[in-house]
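Chemist: Structure file start.txt, compact mmCIF, C-alpha atoms, is pasted below:
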```
# COMPACT_ATOMS: atom_id res chain seq x y z
CA MET R 1 141.42 85.82 97.55
CA GLY R 2 138.30 83.85 96.88
CA SER R 3 135.12 82.42 98.33
CA VAL R 4 132.85 79.43 97.84
CA TYR R 5 129.21 80.08 96.95
CA CYS R 6 126.43 77.51 96.74
CA PHE R 7 123.65 78.18 94.25
CA ASP R 8 120.39 76.34 93.72
CA PHE R 9 117.14 76.66 91.81
CA GLU R 10 115.77 79.44 94.04
CA ASP R 11 118.74 81.73 93.40
CA PHE R 12 117.75 82.11 89.74
CA VAL R 13 114.87 83.74 87.90
CA TYR R 14 113.41 81.34 85.36
CA ASN R 15 111.98 82.50 82.03
CA GLU R 16 109.27 80.13 80.82
CA THR R 17 109.64 81.30 77.21
CA THR R 18 113.41 81.18 76.77
CA LYS R 19 113.93 78.36 79.30
CA LYS R 20 116.83 80.36 80.72
CA TYR R 21 117.83 80.80 84.35
CA SER R 22 119.23 84.23 85.23
CA ILE R 23 121.07 85.48 88.27
CA VAL R 24 122.14 89.04 89.05
CA PHE R 25 125.06 89.79 91.37
CA GLU R 26 124.16 92.60 93.75
CA ASN R 27 127.39 92.17 95.68
CA SER R 28 130.23 94.32 94.30
CA ARG R 29 132.75 91.68 95.33
CA LEU R 30 131.13 89.12 93.03
CA GLN R 31 131.12 91.66 90.23
CA LYS R 32 134.92 91.83 90.29
CA ILE R 33 135.80 88.13 90.12
CA LYS R 34 138.51 87.14 87.63
CA LYS R 35 138.33 83.35 87.83
CA ILE R 36 135.49 80.95 88.59
CA VAL R 37 135.44 77.24 89.37
CA PHE R 38 132.32 75.14 88.87
CA GLU R 39 132.12 71.86 90.81
CA ASN R 40 129.52 69.52 92.29
CA PHE R 41 127.09 70.67 89.60
CA LEU R 42 123.89 68.60 89.85
CA TYR R 43 120.86 68.91 87.62
CA THR R 44 117.55 67.02 87.51
CA ASN R 45 115.08 66.82 84.66
CA SER R 46 112.59 64.11 83.78
CA THR R 47 113.27 64.00 80.06
CA ASN R 48 115.05 60.84 78.92
CA SER R 49 115.94 62.04 75.43
CA SER R 50 119.67 62.22 76.07
CA HIS R 51 122.39 60.65 78.19
CA ILE R 52 124.08 64.05 78.48
CA VAL R 53 122.87 67.57 79.13
CA MET R 54 124.66 70.54 77.60
CA VAL R 55 124.87 73.55 79.92
CA HIS R 56 124.75 76.80 77.95
CA SER R 57 125.68 80.21 79.34
CA ASN R 58 126.38 83.76 78.22
CA LEU R 59 129.50 83.44 80.38
CA CYS R 60 131.19 81.82 77.39
CA THR R 61 131.73 85.17 75.72
CA HIS R 62 133.75 86.32 78.74
CA LEU R 63 135.97 83.26 79.12
CA THR R 64 139.57 83.47 77.93
CA ASN R 65 140.18 79.72 78.15
CA HIS R 66 136.97 78.30 76.70
CA ASN R 67 137.78 76.39 73.53
CA PHE R 68 136.29 72.95 74.03
CA TYR R 69 132.96 73.12 72.23
CA LYS R 70 132.83 74.04 68.56
CA GLY R 71 130.04 74.77 66.15
CA SER R 72 129.19 72.61 63.15
CA HIS R 73 132.03 74.15 61.14
CA HIS R 74 134.50 73.68 64.02
CA ALA R 75 135.67 77.26 63.57
CA SER R 76 133.91 79.14 66.34
CA LYS R 77 133.00 78.58 69.96
CA THR R 78 129.46 77.76 70.99
CA ASP R 79 127.85 78.97 74.19
CA VAL R 80 128.13 75.53 75.83
CA LEU R 81 129.86 75.95 79.17
CA PHE R 82 130.27 72.22 79.80
CA THR R 83 128.30 68.98 79.68
CA LEU R 84 126.69 66.96 82.45
CA HIS R 85 126.44 63.18 82.26
CA GLU R 86 123.52 61.15 83.52
CA SER R 87 124.27 59.54 86.86
CA HIS R 88 123.15 56.06 87.88
CA SER R 89 119.86 57.67 88.91
CA GLN R 90 117.98 58.21 85.68
CA ASN R 91 117.47 61.83 84.56
CA ARG R 92 119.80 63.16 87.21
CA TYR R 93 122.92 64.66 85.71
CA GLN R 94 126.24 65.66 87.19
CA LEU R 95 129.53 67.33 86.35
CA LYS R 96 132.20 64.62 86.57
CA ASN R 97 135.19 66.96 86.97
CA LYS R 98 135.38 70.54 88.16
CA ARG R 99 135.79 73.21 85.47
CA ILE R 100 137.98 76.29 85.94
CA PHE R 101 137.57 79.41 83.79
CA ASN R 102 139.36 82.77 83.54
CA LEU R 103 137.24 85.85 82.92
CA ASP R 104 138.33 88.69 80.63
CA ARG R 105 136.07 91.26 82.32
CA SER R 106 133.89 91.79 85.35
CA ILE R 107 130.50 90.11 85.36
CA PHE R 108 127.28 91.18 87.03
CA GLY R 109 125.54 87.83 86.81
CA PHE R 110 124.94 85.20 84.15
CA ASP R 111 122.37 83.02 82.39
CA LEU R 112 122.14 79.25 82.22
CA TYR R 113 119.98 77.05 80.04
CA PHE R 114 119.97 73.33 79.25
CA THR R 115 119.65 71.27 76.08
CA ASP R 116 120.02 67.64 75.09
CA HIS R 117 122.97 66.50 72.97
CA LYS R 118 121.15 67.60 69.79
CA GLY R 119 120.72 71.14 71.06
CA THR R 120 116.99 70.81 71.80
CA LEU R 121 115.83 72.92 74.73
CA ILE R 122 114.79 70.97 77.80
CA SER R 123 111.71 72.25 79.59
CA ASN R 124 111.45 72.77 83.30
CA SER R 125 109.30 69.66 83.77
CA SER R 126 108.16 66.69 81.73
CA THR R 127 107.26 63.04 82.11
CA ASN R 128 109.33 59.89 81.66
CA VAL R 129 108.36 57.79 78.68
CA VAL R 130 108.23 54.08 79.38
CA VAL R 131 110.52 52.15 77.05
CA SER R 132 108.43 49.20 75.93
CA ASN R 133 109.75 45.83 74.83
CA ASP R 134 108.52 45.99 71.25
CA ASP R 135 109.77 49.29 69.89
CA VAL R 136 113.57 49.21 70.28
CA THR R 137 115.55 49.02 67.06
CA VAL R 138 119.24 48.79 66.19
CA GLN R 139 119.02 52.40 65.01
CA ASN R 140 117.63 53.44 68.41
CA ILE R 141 120.65 51.90 70.10
CA THR R 142 123.26 53.31 67.72
CA ASP R 143 121.70 56.77 67.93
CA GLU R 144 121.73 56.63 71.71
CA LEU R 145 125.24 55.23 72.20
CA GLY R 146 127.00 57.16 69.44
CA ASN R 147 130.74 57.40 70.02
CA ASP R 148 130.28 55.95 73.51
CA CYS R 149 130.01 52.54 71.83
CA THR R 150 133.37 50.77 71.79
CA ALA R 151 131.93 47.64 70.16
CA PHE R 152 128.52 46.36 69.01
CA ILE R 153 128.56 42.85 67.50
CA ASP R 154 125.11 42.16 66.03
CA TYR R 155 125.84 39.25 63.58
CA HIS R 156 124.26 40.98 60.61
CA PRO R 157 125.38 39.18 57.39
CA SER R 158 127.31 42.26 56.27
CA ARG R 159 129.40 41.94 59.43
CA THR R 160 129.90 38.17 59.58
CA LEU R 161 132.41 37.38 56.85
CA SER R 162 134.18 34.28 55.58
CA ASN R 163 137.93 33.96 55.05
CA THR R 164 137.37 35.33 51.53
CA PHE R 165 135.38 38.29 52.93
CA GLN R 166 132.02 36.98 51.70
CA GLU R 167 128.90 37.59 53.76
CA VAL R 168 127.85 34.63 55.89
CA SER R 169 124.10 34.41 56.52
CA GLU R 170 123.29 30.70 56.50
CA ILE R 171 123.40 28.59 59.64
CA ASP R 172 126.52 26.41 59.85
CA GLY R 173 128.45 28.84 57.61
CA ASP R 174 132.13 29.45 58.42
CA VAL R 175 132.82 32.84 60.01
CA THR R 176 136.36 34.22 60.09
CA TYR R 177 135.72 37.94 60.62
CA LEU R 178 133.27 39.77 62.88
CA HIS R 179 132.82 43.48 62.20
CA SER R 180 131.45 45.86 64.81
CA LEU R 181 128.54 48.15 64.12
CA VAL R 182 129.19 51.84 65.08
CA ASN R 183 132.92 51.47 65.74
CA THR R 184 133.97 50.08 62.37
CA GLU R 185 137.62 50.02 63.48
CA CYS R 186 136.71 47.01 65.66
CA ILE R 187 137.16 43.92 63.49
CA LEU R 188 137.45 40.61 65.31
CA SER R 189 139.23 37.90 63.37
CA VAL R 190 140.09 34.27 64.07
CA GLN R 191 143.56 34.20 65.57
CA TYR R 192 143.80 30.55 66.56
CA GLY R 193 142.38 27.83 64.33
CA THR R 194 140.42 28.27 61.13
CA SER R 195 136.91 29.63 61.63
CA GLN R 196 133.78 29.66 63.77
CA LYS R 197 130.34 28.34 62.83
CA LEU R 198 127.33 30.64 62.53
CA VAL R 199 124.48 29.18 64.60
CA ALA R 200 120.96 30.13 65.70
CA PHE R 201 120.82 31.42 69.26
CA ASN R 202 117.04 31.10 69.61
CA SER R 203 114.45 28.75 68.12
CA SER R 204 113.19 31.20 65.50
CA GLY R 205 116.66 32.19 64.28
CA THR R 206 116.05 35.91 64.85
CA MET R 207 119.23 35.89 66.94
CA LYS R 208 122.43 34.38 65.64
CA GLY R 209 125.76 33.65 67.25
CA ILE R 210 129.02 31.81 66.81
CA THR R 211 130.47 28.62 68.25
CA SER R 212 133.35 26.26 67.58
CA VAL R 213 132.81 22.76 66.22
CA THR R 214 136.01 21.52 67.84
CA SER R 215 137.67 22.39 71.12
CA TRP R 216 140.73 24.58 71.40
CA GLN R 217 139.97 26.17 68.09
CA SER R 218 139.33 29.86 67.72
CA VAL R 219 139.92 33.25 69.25
CA PHE R 220 138.52 36.54 67.98
CA ASP R 221 140.97 39.34 68.71
CA ASN R 222 141.10 43.09 68.06
CA LEU R 223 142.96 46.16 69.25
CA LEU R 224 140.25 48.37 70.76
CA ALA R 225 141.92 51.67 71.58
CA VAL R 226 142.79 52.39 67.96
CA TYR R 227 145.16 55.35 67.78
CA ASN R 228 143.50 58.74 67.41
CA THR R 229 139.92 57.49 67.69
CA ASP R 230 137.22 58.07 70.32
CA PHE R 231 136.36 54.44 70.97
CA ILE R 232 138.31 53.83 74.17
CA PRO R 233 136.64 52.12 77.16
CA ASP R 234 136.24 54.49 80.12
CA PRO R 235 136.92 53.51 83.75
CA ASP R 236 133.16 53.04 84.20
CA ALA R 237 132.55 51.12 80.98
CA CYS R 238 129.94 48.38 80.69
CA ILE R 239 129.77 45.12 78.76
CA ALA R 240 126.57 43.30 77.78
CA LEU R 241 126.46 39.94 76.05
CA CYS R 242 124.25 36.98 75.22
CA PHE R 243 125.60 33.46 75.66
CA LYS R 244 124.57 29.84 76.08
CA LEU R 245 126.63 26.96 77.44
CA THR R 246 126.41 23.65 75.57
CA GLY R 247 127.81 21.66 78.49
CA ASN R 248 129.95 21.97 81.60
CA THR R 249 133.22 22.42 79.72
CA ALA R 250 135.30 25.41 80.88
CA VAL R 251 134.94 28.24 78.37
CA TYR R 252 136.27 31.80 78.17
CA LEU R 253 133.50 34.27 77.36
CA LEU R 254 135.43 37.50 77.13
CA GLU R 255 138.89 38.86 77.71
CA HIS R 256 139.82 42.52 78.01
CA GLN R 257 142.13 44.49 80.28
CA MET R 258 139.20 45.28 82.60
CA PHE R 259 136.89 42.32 81.91
CA LYS R 260 138.11 38.73 81.99
CA VAL R 261 134.96 36.63 82.30
CA PHE R 262 134.77 32.85 81.99
CA TYR R 263 132.88 29.74 83.09
CA SER R 264 134.63 26.96 84.98
CA GLY R 265 132.28 25.14 87.34
CA GLY R 266 130.48 28.46 87.70
CA LEU R 267 130.61 32.03 86.44
CA LYS R 268 134.00 33.54 87.30
CA PHE R 269 136.29 36.47 86.51
CA LYS R 270 139.87 37.60 87.02
CA ASP R 271 140.31 40.27 89.72
CA VAL R 272 142.87 43.09 89.65
CA GLN R 273 145.59 40.69 90.90
CA GLY R 274 144.74 38.20 88.16
CA SER R 275 143.25 35.68 90.60
CA ASP R 276 140.10 33.69 89.77
CA GLN R 277 137.00 34.90 91.59
CA ALA R 278 133.54 33.30 91.58
CA VAL R 279 130.47 35.47 91.00
CA PRO R 280 128.24 34.76 94.02
CA ASN R 281 124.49 34.19 93.81
CA VAL R 282 124.62 33.48 90.07
CA SER R 283 124.00 30.01 88.66
CA ILE R 284 124.49 29.26 84.95
CA ILE R 285 122.61 26.25 83.58
CA PRO R 286 123.84 24.61 80.35
CA LEU R 287 121.61 24.91 77.25
CA GLN R 288 119.81 27.93 78.73
CA PRO R 289 120.16 31.32 76.98
CA TYR R 290 121.37 34.23 79.11
CA PHE R 291 121.81 37.96 78.73
CA MET R 292 124.49 39.35 81.05
CA THR R 293 125.46 42.92 81.90
CA VAL R 294 128.67 43.69 83.80
CA GLU R 295 129.00 47.31 84.83
CA ARG R 296 132.34 48.61 86.10
CA LEU R 297 131.73 51.04 88.96
CA SER R 298 134.91 53.10 88.88
CA GLN R 299 134.16 55.09 92.03
CA THR R 300 133.74 52.02 94.20
CA SER R 301 136.02 49.64 92.28
CA GLU R 302 133.27 47.02 91.96
CA PHE R 303 131.52 45.00 89.28
CA GLN R 304 127.72 45.12 89.17
CA TRP R 305 126.45 41.88 87.57
CA THR R 306 122.95 41.31 86.17
CA VAL R 307 122.24 37.94 84.53
CA THR R 308 118.85 37.38 82.88
CA LYS R 309 117.56 33.99 81.71
CA LEU R 310 115.86 34.84 78.44
CA THR R 311 113.29 32.05 78.51
CA ASP R 312 111.47 33.39 81.56
CA GLY R 313 112.98 36.81 82.37
CA SER R 314 114.27 35.75 85.79
CA GLN R 315 117.27 37.75 86.97
CA GLN R 316 120.26 37.11 89.19
CA THR R 317 122.41 39.95 90.49
CA ALA R 318 125.73 40.25 92.28
CA LEU R 319 128.22 42.86 93.42
CA THR R 320 131.86 41.82 93.38
CA ALA R 321 135.34 43.24 93.43
CA CYS R 322 136.49 44.85 90.20
CA GLY R 323 138.50 43.24 87.44
CA GLY R 324 141.68 44.65 85.92
CA ASP R 325 142.78 48.26 86.20
CA TRP R 326 141.70 50.83 83.63
CA THR R 327 144.29 52.02 81.16
CA ALA R 328 144.38 54.70 78.47
CA LEU R 329 146.77 52.53 76.46
CA GLN R 330 145.66 50.38 73.57
CA THR R 331 143.85 47.25 74.73
CA ASN R 332 142.60 44.05 73.12
CA LEU R 333 139.13 42.56 73.02
CA ARG R 334 138.99 38.79 72.71
CA PHE R 335 136.13 36.28 72.55
CA GLY R 336 137.46 32.97 73.83
CA ARG R 337 141.07 32.16 74.61
CA ALA R 338 143.65 29.88 73.06
CA ASN R 339 143.99 27.61 76.11
CA PHE R 340 140.22 27.38 76.69
CA ASN R 341 137.42 25.73 74.75
CA PHE R 342 134.88 27.65 72.67
CA THR R 343 132.05 25.14 72.89
CA HIS R 344 129.52 27.73 74.05
CA VAL R 345 127.41 29.96 71.79
CA MET R 346 128.20 33.69 71.80
CA SER R 347 125.57 36.12 70.50
CA TYR R 348 124.97 39.89 70.77
CA PHE R 349 127.76 41.87 72.42
CA TRP R 350 128.15 45.50 73.49
CA MET R 351 130.88 47.49 75.21
CA TYR R 352 130.04 51.13 75.88
CA ASN R 353 130.78 54.13 78.09
CA ASN R 354 128.58 56.53 80.09
CA VAL R 355 126.25 53.87 81.48
CA THR R 356 122.71 54.97 82.37
CA GLU R 357 119.63 53.09 83.45
CA ALA R 358 117.87 54.20 80.26
CA ARG R 359 120.65 52.74 78.11
CA LYS R 360 120.69 49.46 80.00
CA THR R 361 116.90 49.17 79.69
CA MET R 362 117.00 49.94 75.98
CA ILE R 363 119.56 47.21 75.26
CA HIS R 364 117.84 44.73 77.57
CA ASN R 365 114.51 45.27 75.86
CA PHE R 366 116.09 44.98 72.42
CA VAL R 367 117.55 41.59 73.36
CA THR R 368 114.27 40.23 74.75
CA GLN R 369 112.46 41.51 71.68
CA MET R 370 114.91 39.82 69.31
CA PHE R 371 114.89 36.62 71.35
CA ASP R 372 111.13 36.59 70.84
CA SER R 373 110.43 35.14 74.25
CA ASN R 374 107.51 37.45 75.03
CA VAL R 375 109.40 38.60 78.08
CA VAL R 376 108.41 42.19 78.79
CA ILE R 377 110.62 44.07 81.24
CA GLU R 378 110.02 47.79 81.21
CA GLN R 379 111.19 50.83 83.09
CA GLU R 380 109.34 52.00 86.15
CA PRO R 381 105.93 53.58 85.44
CA PRO R 382 106.03 57.20 84.20
CA THR R 383 107.04 59.70 86.85
CA THR R 384 107.23 63.47 86.86
CA HIS R 385 110.14 65.43 88.29
CA VAL R 386 110.49 69.16 88.77
CA GLU R 387 113.73 70.57 87.46
CA ASN R 388 116.43 71.16 90.03
CA ILE R 389 119.86 72.79 90.04
CA PHE R 390 122.63 72.84 92.58
CA PHE R 391 126.30 73.75 92.19
CA GLU R 392 129.28 75.22 93.99
CA MET R 393 131.10 78.16 92.47
CA ARG R 394 134.48 79.19 93.82
CA THR R 395 135.68 82.65 92.92
CA ILE R 396 139.06 84.33 92.75
CA VAL R 397 139.15 88.12 92.62
```
Will you turn the file into structure tokens for me?

Modeler:
Amino acid sequence: MGSVYCFDFEDFVYNETTKKYSIVFENSRLQKIKKIVFENFLYTNSTNSSHIVMVHSNLCTHLTNHNFYKGSHHASKTDVLFTLHESHSQNRYQLKNKRIFNLDRSIFGFDLYFTDHKGTLISNSSTNVVVSNDDVTVQNITDELGNDCTAFIDYHPSRTLSNTFQEVSEIDGDVTYLHSLVNTECILSVQYGTSQKLVAFNSSGTMKGITSVTSWQSVFDNLLAVYNTDFIPDPDACIALCFKLTGNTAVYLLEHQMFKVFYSGGLKFKDVQGSDQAVPNVSIIPLQPYFMTVERLSQTSEFQWTVTKLTDGSQQTALTACGGDWTALQTNLRFGRANFNFTHVMSYFWMYNNVTEARKTMIHNFVTQMFDSNVVIEQEPPTTHVENIFFEMRTIV
């Protein structure tokens, strides 16, 4: 037999020094439980140092089926019970799937405490730090995304290579291979035609991109879900890319199992049935540079579109049906398509998992900084939140 108990912040005693929350079971029935189920675990903290929160507990020493989190030598368990991921509301974290544990002895209560992904204790209250437009670096982004980054194409010379694998850094140079930063397994190569041309995306040349000098020329193609690696797009993955049309010719921006995005008289995409769908309320003007984010909302089966014109910071947004279904199988990433033109310019590109507002802001600000348009779009002003906890715990005695 079992029961469902709801716990919140007030059920625990908080220790300011250790940052631990403790609860003592006075009820003898709770002291005899043999299995516990954690679900609907919600946690709020105002720190923005991590996209995940690690929930630690002394319960780990009493769990017979806890073998998911290892120490640095991968030989022993840590006291991490599970991790919470940041929701779409910044600094609010949640348990995505319920966790079930067997106990090897009776318990009379337990402790909880919270750290960021580096193991740094999180205090009970702090203040959001505004992410400004002039302090975001490539290293900031790679540190933040980590293994959540499926692909990051930044057009650094060491990752734009010729057909003889020489670095291409000069404008109008021939590019045959594009290597991803972070996920080095992602190597996009020309599959149709000969090569692409390296071009400047902005007037100062701080941003580069690729384009084709002839129509029907090139496709960059790569198998993303490389066997036995972590870089697989999740059901709620996000893509972000910079592009510029050079005319009204139909062009294919991106093709993936979940994201098939193109321009043909307007911004469009393929829905789950493979039919062409227009993105409403979004107008793309040739010769204007854009930064576009497409977030796949797995719970609602929708695409959230945000398109920013980099010259003035104006934004257009839309909510549409979703694209293709998610799959755990190996999938391809392709820039352009063999039966479409590649007359547009393609610049920075990201595909990553575990989308948060902080991550989207960081990448957005990096792009505007590199574009050098003096467009400053920041997070909301600093706010303070008091820590909060709520979760359901089902017990089996």

Chemist: Give me the box for stretch 360-364 of chain R as lines of an AutoDock Vina configuration file, namely the centre and edge lengths in Å to one decimal of a box along x, y and z that holds every listed atom plus 6 Å on each side.

Modeler:
```
center_x = 118.8
center_y = 47.3
center_z = 77.6
size_x = 15.8
size_y = 17.2
size_z = 16.7
```

Chemist: What's the separation between atom CA of R:Lys270 and atom CA of R:Asp325, in Å to one decimal place?

Modeler: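 Calculated distance between atom CA of R:Lys270 and atom CA of R:Asp325 is 11.1 Å.
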
Chemist: For atom CA of R:Thr395 and atom CA of R:Lys34, determine how far apart the two atoms are, in Å to one decimal place.

Modeler: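 These atoms are spaced 7.5 Å apart.
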
Chemist: Nearest to R:Glu86: which of R:Gln191, R:Thr115, R:Ser180, R:Thr44 is it, counting only C-alpha atoms?

Modeler: R:Thr44

Chemist: Taking only C-alpha atoms into account, which of R:Ser106, R:Thr142, R:Asn332, R:Asn97 comes nearest R:Ile187?

Modeler: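 Under the stated criterion, the closest residue is R:Asn332.
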
Chemist: Find the distance between atom CA of R:Met292 and atom CA of R:Gly193 and write it in Å to one decimal.

Modeler: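 Distance between the two atoms: 27.1 Å.
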
Chemist: Find the residues near stretch 184-186 of chain R: any atom within 7 Å, counting only C-alpha atoms, skip ones fewer than 3 places away on the same chain, and give them as a list in words.

Modeler: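 In the requested format, the answer is Ala151, His179, Ser180, Leu181, Asn222 and Leu224 of chain R.
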
Chemist: Need to verify the contact set: R:Thr176, 9 Å, all atoms listed in the file, exclusion of same-chain residues closer than 3 positions in sequence. Can you return it as an NGL selection string?

Modeler: :R and (160-165 or 188-190 or 194-197 or 220)

Chemist: Could you name the residues that touch R:Leu245 at 8 Å or less, counting only C-alpha atoms, but leaving out those on the same chain fewer than 4 positions away, as a list in words?

Modeler: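 Within the cut-off, the hits are Ile285, Pro286, Leu287, Gln288, Pro289, Thr343, His344 and Val345 of chain R.
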
Chemist: Using all atoms listed in the file for the distances, tell me which of R:Ile23, R:Val272, R:Met370, R:Ala358 is nearest to R:Thr320.

Modeler: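 Once distances to R:Thr320 are computed over all atoms listed in the file, the minimum belongs to R:Val272.
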
Chemist: Considering only C-alpha atoms, return as a list in words whatever protein or nucleic-acid residues lie within 7 Å of R:Asp271, sequence-local ones (same chain, fewer than 4 positions apart) excluded.

Modeler: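 The filter keeps Ser275, Asp276, Gln277, Ala321, Cys322, Gly323 and Gly324 of chain R.
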
Chemist: What's around R:Phe12 at 10 Å? Count only C-alpha atoms, leave out sequence neighbours fewer than 4 positions away in its own chain, and write the answer as a ChimeraX atom specification.

Modeler: /R:7-8,20-24,110-112,389

Chemist: So, counting only C-alpha atoms, which residue among R:Lys244, R:Ser57, R:His256, R:Asn202 is closest to R:Ile284?

Modeler: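 Going through R:Lys244, R:Ser57, R:His256, R:Asn202 one by one, the smallest distance to R:Ile284 is for R:Lys244.
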
Chemist: Pick the closest to R:Asn40 from R:Leu267, R:Leu95, R:Leu59, R:Ile363: which is it, counting only C-alpha atoms?

Modeler: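 Comparing R:Leu267, R:Leu95, R:Leu59, R:Ile363 against R:Asn40, the winner is R:Leu95.
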